[in-house]
Amino acid sequence: MSATPRWGLLLVLLAGCRAAPPPATRAPKATVRASTPTSKPTSAAPPAVVRKPRPQPLKPLELHHRAVVIDTHCDAPIRMLRNPAFDYGARQKKGHTDLERMKEGGLDAEFLVVFVYPKAFPGEKAWPRTRLIFDAIHRVAARHPQRSLLARTAADVRAAAAAGKIALLIGVEGAHAMGRLGSERRTLQRMRWMHRRGARYMGLTWMNSNALAGSSGDAGRTRGLSPLGRRVVRLMNDLGVMVDVSHVSDPTFRDVLKVSRLPVLASHSSARAVAGHFRNLTDDMLRALAKNGGAVCVNYFPGFLSDDWMRKWKKVRKKKGAKKPELPLKVLIDHIDHMVKVAGVDHVCLGSDYDGVPVLPVGLDDVSKLPAVTAALVRRGYKPGDIRKILGLNVLRVMEANEKGAVKQR
Ligand SMILES: [Zn+2]
């Protein structure tokens, strides 16, 4: 895409997205030329044409704050559980997110993630931990009702955005969160419980394979969905819980697209053609996701965005006081560009991995800096309508498709 911002087009498209389009105020070029004096006017001669004020070009910041902005992956609940006195409503010095900085960054909705570290809470020990994390997320919305709400539907997100509140949504990262996955009856019961408690997506695996599916992060990478995994995917469709394919093995990804009758989400994945990390999606996967009607939300972690950065990071990450390598924001936009080129602009979204990664690209230090992404997309030549899709409308569409496709529960 062109590197030149197209302000005129930006203005026209933005005017069209709000209730009543303002009248055209741009003076015709001929009029402007006619009003330009070619010789010094005499004091008696009135100006031939009254020059109309030129409209100010719309700033990327305005575009950002008017859009519905959604992020699909944030690990802040880890911070909530670590310290019982932690208040997500107060501005924090550490971490990437809190309600204050979300507001500042123009973020309207965040998927807070239920993640249980499998080594610390193996097998059945994961389930009580999972319930604690759900409670912690619910407590944030209960403690800050003026500024946030717990959202369960796309309509809730739109209503929150209109009311100036942050919509908090719940995603689950890895089916191991449901405890031991041996019994089909118990697993399906727990899936239903998580849905009732607000879960609106679940990643089938984290870095660890489980009884449902192979993960890209361990020896299960050649494995796909098990019969129980297929059963869970079908139940998720029936409940309207989006299937998250970030972290899963390539065979699991392919199996999910065969089994799921509804659009799926990759809540925090980047493009493997740009950076070769096994967590990223190949071009074939991006195309399959587009065909399925789903969306891939780009992960901001520099290690998934640049192989070169990852090499540098591996050298310094365990050295105390060593300077962390930097990655320019431009590389994140390169991933978005690639995904848009391969999957189409209707299938790309934002899945930062805030609070789950140790470094973010330069200029994107925390959620308050989110408008930098919109500004970079404008600079890259993206039209406002397409930017709004990437910022949030694509996620709303996938949510709505899952809501509509759900089977009414008794
Ligand atoms: Zn993850």
# chains A, B, ... in the order shown; residues from 1 in each chain; ligands from 1

$ residues_near_ligand --ligand "ligand 1" --cutoff "8 Å" --atoms "only C-alpha atoms and all ligand atoms" --output "VMD selection string"
chain A and resid 73 173 206 to 207 246 to 247 268 353 356

$ write_last_selection --atoms "C-alpha atoms" --output "short mmCIF file (atom, residue, chain, number, x, y, z; two decimals), in the first residue's frame"
data_model
loop_
_atom_site.label_atom_id
_atom_site.label_comp_id
_atom_site.auth_asym_id
_atom_site.auth_seq_id
_atom_site.Cartn_x
_atom_site.Cartn_y
_atom_site.Cartn_z
CA HIS A 73 -5.68 -11.48 24.36
CA GLU A 173 -6.15 -20.35 27.13
CA TRP A 206 -1.45 -23.67 25.26
CA MET A 207 2.18 -24.79 24.70
CA SER A 246 -3.65 -19.91 18.59
CA HIS A 247 -1.00 -22.31 19.99
CA HIS A 268 -2.96 -14.01 19.39
CA ASP A 353 -0.71 -10.67 24.39
CA GLY A 356 1.84 -12.18 28.90
#

$ select_by_dssp --residues "range 111-309 of chain A" --states "strand (DSSP E or B)" --output "number ranges by chain"
A: 111-114, 148-150, 166-173, 199-203, 213, 215, 225, 242-244, 248, 265-266, 271, 281, 295-298

$ residues_around --residues "range 358-364 of chain A" --least-positions-apart "5" --cutoff "12 Å" --atoms "only C-alpha atoms" --output "number ranges by chain"
A: 75, 94-97, 105, 299-306, 309-310, 313, 317, 323-333, 352-353, 369-376

$ write_last_selection --atoms "C-alpha atoms" --output "mmCIF file, in the first residue's frame"
data_model
loop_
_atom_site.group_PDB
_atom_site.id
_atom_site.type_symbol
_atom_site.label_atom_id
_atom_site.label_comp_id
_atom_site.auth_asym_id
_atom_site.auth_seq_id
_atom_site.Cartn_x
_atom_site.Cartn_y
_atom_site.Cartn_z
ATOM 1 C CA ASP A 75 -2.950 -12.002 30.541
ATOM 2 C CA LYS A 94 4.038 -2.241 36.062
ATOM 3 C CA GLY A 95 2.366 -4.409 33.458
ATOM 4 C CA HIS A 96 0.784 -3.373 30.180
ATOM 5 C CA THR A 97 -2.848 -2.802 31.154
ATOM 6 C CA GLY A 105 -5.441 4.146 24.752
ATOM 7 C CA ASN A 299 0.402 -10.955 18.453
ATOM 8 C CA TYR A 300 2.634 -7.983 19.378
ATOM 9 C CA PHE A 301 5.507 -9.988 20.944
ATOM 10 C CA PRO A 302 8.710 -9.111 19.014
ATOM 11 C CA GLY A 303 9.846 -12.759 19.264
ATOM 12 C CA PHE A 304 6.870 -13.814 17.111
ATOM 13 C CA LEU A 305 7.347 -10.848 14.751
ATOM 14 C CA SER A 306 11.055 -11.108 13.911
ATOM 15 C CA TRP A 309 14.938 -10.102 17.262
ATOM 16 C CA MET A 310 14.348 -13.569 18.750
ATOM 17 C CA TRP A 313 16.649 -11.920 22.766
ATOM 18 C CA ARG A 317 17.114 -12.714 28.254
ATOM 19 C CA LYS A 323 19.734 -4.234 27.410
ATOM 20 C CA LYS A 324 16.676 -5.734 25.752
ATOM 21 C CA PRO A 325 16.758 -5.707 21.950
ATOM 22 C CA GLU A 326 14.254 -3.349 20.316
ATOM 23 C CA LEU A 327 11.831 -3.927 17.484
ATOM 24 C CA PRO A 328 10.307 -1.055 15.496
ATOM 25 C CA LEU A 329 6.510 -0.849 15.347
ATOM 26 C CA LYS A 330 6.823 -1.037 11.553
ATOM 27 C CA VAL A 331 7.457 -4.804 11.777
ATOM 28 C CA LEU A 332 4.107 -5.357 13.517
ATOM 29 C CA ILE A 333 2.444 -3.448 10.684
ATOM 30 C CA SER A 352 -1.615 -8.051 21.736
ATOM 31 C CA ASP A 353 -0.710 -10.665 24.392
ATOM 32 C CA LYS A 369 -0.002 3.697 23.361
ATOM 33 C CA LEU A 370 -2.489 1.742 21.232
ATOM 34 C CA PRO A 371 -3.330 4.738 18.974
ATOM 35 C CA ALA A 372 0.202 4.336 17.572
ATOM 36 C CA VAL A 373 -1.060 1.247 15.709
ATOM 37 C CA THR A 374 -3.867 3.237 14.078
ATOM 38 C CA ALA A 375 -1.456 6.047 13.182
ATOM 39 C CA ALA A 376 0.932 3.520 11.616
#

$ closest_residue --among "A:Arg66, A:Arg197, A:Lys408, A:Arg101" --to "Leu132 in chain A" --atoms "only C-alpha atoms"
A:Arg197

$ closest_residue --among "A:Trp127, A:Phe253, A:Phe111, A:Phe134" --to "Ala167 in chain A" --atoms "only C-alpha atoms"
A:Phe111

$ atom_distance --atom1 "CA of Leu286 in chain A" --atom2 "CA of Ala271 in chain A"
8.2 Å

$ select_by_dssp --residues "range 46-116 of chain A" --states "alpha helix (DSSP H)" --output "PyMOL selection string"
chain A and resi 60-66+76-82+99-104

$ write_last_selection --atoms "N, CA and C atoms" --output "PDB file, in the first residue's frame"
ATOM      1  N   PRO A  60      -5.436  10.730  12.940  1.00  0.00           N
ATOM      2  CA  PRO A  60      -5.559   9.292  13.247  1.00  0.00           C
ATOM      3  C   PRO A  60      -6.097   9.054  14.648  1.00  0.00           C
ATOM      4  N   LEU A  61      -5.777   9.970  15.567  1.00  0.00           N
ATOM      5  CA  LEU A  61      -6.241   9.827  16.943  1.00  0.00           C
ATOM      6  C   LEU A  61      -7.773   9.856  17.011  1.00  0.00           C
ATOM      7  N   GLU A  62      -8.367  10.750  16.190  1.00  0.00           N
ATOM      8  CA  GLU A  62      -9.838  10.821  16.164  1.00  0.00           C
ATOM      9  C   GLU A  62     -10.426   9.543  15.584  1.00  0.00           C
ATOM     10  N   LEU A  63      -9.826   9.081  14.515  1.00  0.00           N
ATOM     11  CA  LEU A  63     -10.265   7.831  13.891  1.00  0.00           C
ATOM     12  C   LEU A  63     -10.222   6.714  14.933  1.00  0.00           C
ATOM     13  N   HIS A  64      -9.131   6.674  15.676  1.00  0.00           N
ATOM     14  CA  HIS A  64      -8.948   5.629  16.691  1.00  0.00           C
ATOM     15  C   HIS A  64     -10.011   5.719  17.779  1.00  0.00           C
ATOM     16  N   HIS A  65     -10.218   6.913  18.298  1.00  0.00           N
ATOM     17  CA  HIS A  65     -11.151   7.052  19.424  1.00  0.00           C
ATOM     18  C   HIS A  65     -12.615   6.919  19.005  1.00  0.00           C
ATOM     19  N   ARG A  66     -12.911   7.126  17.731  1.00  0.00           N
ATOM     20  CA  ARG A  66     -14.295   6.937  17.282  1.00  0.00           C
ATOM     21  C   ARG A  66     -14.595   5.473  16.967  1.00  0.00           C
ATOM     22  N   ALA A  76      -3.647 -10.173  32.000  1.00  0.00           N
ATOM     23  CA  ALA A  76      -3.681  -9.430  33.270  1.00  0.00           C
ATOM     24  C   ALA A  76      -4.173 -10.259  34.468  1.00  0.00           C
ATOM     25  N   PRO A  77      -5.096 -11.237  34.282  1.00  0.00           N
ATOM     26  CA  PRO A  77      -5.536 -12.004  35.454  1.00  0.00           C
ATOM     27  C   PRO A  77      -4.381 -12.656  36.223  1.00  0.00           C
ATOM     28  N   ILE A  78      -3.272 -12.968  35.551  1.00  0.00           N
ATOM     29  CA  ILE A  78      -2.103 -13.514  36.266  1.00  0.00           C
ATOM     30  C   ILE A  78      -1.680 -12.523  37.343  1.00  0.00           C
ATOM     31  N   ARG A  79      -1.679 -11.230  36.987  1.00  0.00           N
ATOM     32  CA  ARG A  79      -1.271 -10.185  37.938  1.00  0.00           C
ATOM     33  C   ARG A  79      -2.294 -10.066  39.073  1.00  0.00           C
ATOM     34  N   MET A  80      -3.571 -10.250  38.744  1.00  0.00           N
ATOM     35  CA  MET A  80      -4.620 -10.134  39.774  1.00  0.00           C
ATOM     36  C   MET A  80      -4.465 -11.221  40.830  1.00  0.00           C
ATOM     37  N   LEU A  81      -4.093 -12.421  40.398  1.00  0.00           N
ATOM     38  CA  LEU A  81      -3.992 -13.523  41.361  1.00  0.00           C
ATOM     39  C   LEU A  81      -2.703 -13.469  42.177  1.00  0.00           C
ATOM     40  N   ARG A  82      -1.679 -12.889  41.589  1.00  0.00           N
ATOM     41  CA  ARG A  82      -0.392 -12.831  42.277  1.00  0.00           C
ATOM     42  C   ARG A  82      -0.478 -11.973  43.535  1.00  0.00           C
ATOM     43  N   LEU A  99      -7.519  -0.375  33.824  1.00  0.00           N
ATOM     44  CA  LEU A  99      -8.663   0.338  33.236  1.00  0.00           C
ATOM     45  C   LEU A  99      -8.297   1.766  32.831  1.00  0.00           C
ATOM     46  N   GLU A 100      -7.435   2.408  33.637  1.00  0.00           N
ATOM     47  CA  GLU A 100      -7.024   3.793  33.330  1.00  0.00           C
ATOM     48  C   GLU A 100      -6.319   3.868  31.981  1.00  0.00           C
ATOM     49  N   ARG A 101      -5.320   3.003  31.833  1.00  0.00           N
ATOM     50  CA  ARG A 101      -4.541   3.063  30.598  1.00  0.00           C
ATOM     51  C   ARG A 101      -5.322   2.546  29.386  1.00  0.00           C
ATOM     52  N   MET A 102      -6.286   1.658  29.629  1.00  0.00           N
ATOM     53  CA  MET A 102      -7.142   1.213  28.513  1.00  0.00           C
ATOM     54  C   MET A 102      -7.942   2.393  27.974  1.00  0.00           C
ATOM     55  N   LYS A 103      -8.494   3.167  28.915  1.00  0.00           N
ATOM     56  CA  LYS A 103      -9.290   4.336  28.537  1.00  0.00           C
ATOM     57  C   LYS A 103      -8.420   5.315  27.742  1.00  0.00           C
ATOM     58  N   GLU A 104      -7.238   5.552  28.280  1.00  0.00           N
ATOM     59  CA  GLU A 104      -6.311   6.486  27.631  1.00  0.00           C
ATOM     60  C   GLU A 104      -5.961   6.014  26.215  1.00  0.00           C
TER      61      GLU A 104
END

$ atom_distance --atom1 "CA of Pro118 in chain A" --atom2 "CA of Phe86 in chain A"
23.3 Å

$ residues_around --residues "Leu112 in chain A" --least-positions-apart "4" --cutoff "6 Å" --atoms "only C-alpha atoms" --output "MDAnalysis selection string"
chainID A and resid 74 169:170

$ closest_residue --among "A:Ala90, A:Ala155, A:Val248, A:Leu107" --to "Leu391 in chain A" --atoms "only C-alpha atoms"
A:Leu107

$ closest_atom_pairs --of "range 115-181 of chain A" --to "range 232-242 of chain A" --cutoff "10 Å" --atoms "only C-alpha atoms" --output "JSON lines"
{"residue": "A:Thr153", "atom": "CA", "partner": "A:Gly240", "partner_atom": "CA", "distance": 9.7}
{"residue": "A:Gly171", "atom": "CA", "partner": "A:Met242", "partner_atom": "CA", "distance": 9.0}
{"residue": "A:Ala175", "atom": "CA", "partner": "A:Val232", "partner_atom": "CA", "distance": 9.5}

$ write_last_selection --atoms "N, CA and C atoms" --output "short mmCIF file (atom, residue, chain, number, x, y, z; two decimals), in the first residue's frame"
data_model
loop_
_atom_site.label_atom_id
_atom_site.label_comp_id
_atom_site.auth_asym_id
_atom_site.auth_seq_id
_atom_site.Cartn_x
_atom_site.Cartn_y
_atom_site.Cartn_z
N THR A 153 -21.71 -10.57 24.90
CA THR A 153 -22.10 -10.57 23.49
C THR A 153 -21.49 -9.36 22.77
N GLY A 171 -11.68 -15.06 27.89
CA GLY A 171 -11.20 -16.13 27.02
C GLY A 171 -10.43 -17.13 27.88
N ALA A 175 -7.28 -26.04 27.02
CA ALA A 175 -8.34 -26.85 27.62
C ALA A 175 -7.88 -27.51 28.91
#

$ closest_residue --among "A:Arg147, A:Lys319, A:Arg261, A:Arg196" --to "Gly405 in chain A" --atoms "only C-alpha atoms"
A:Arg261
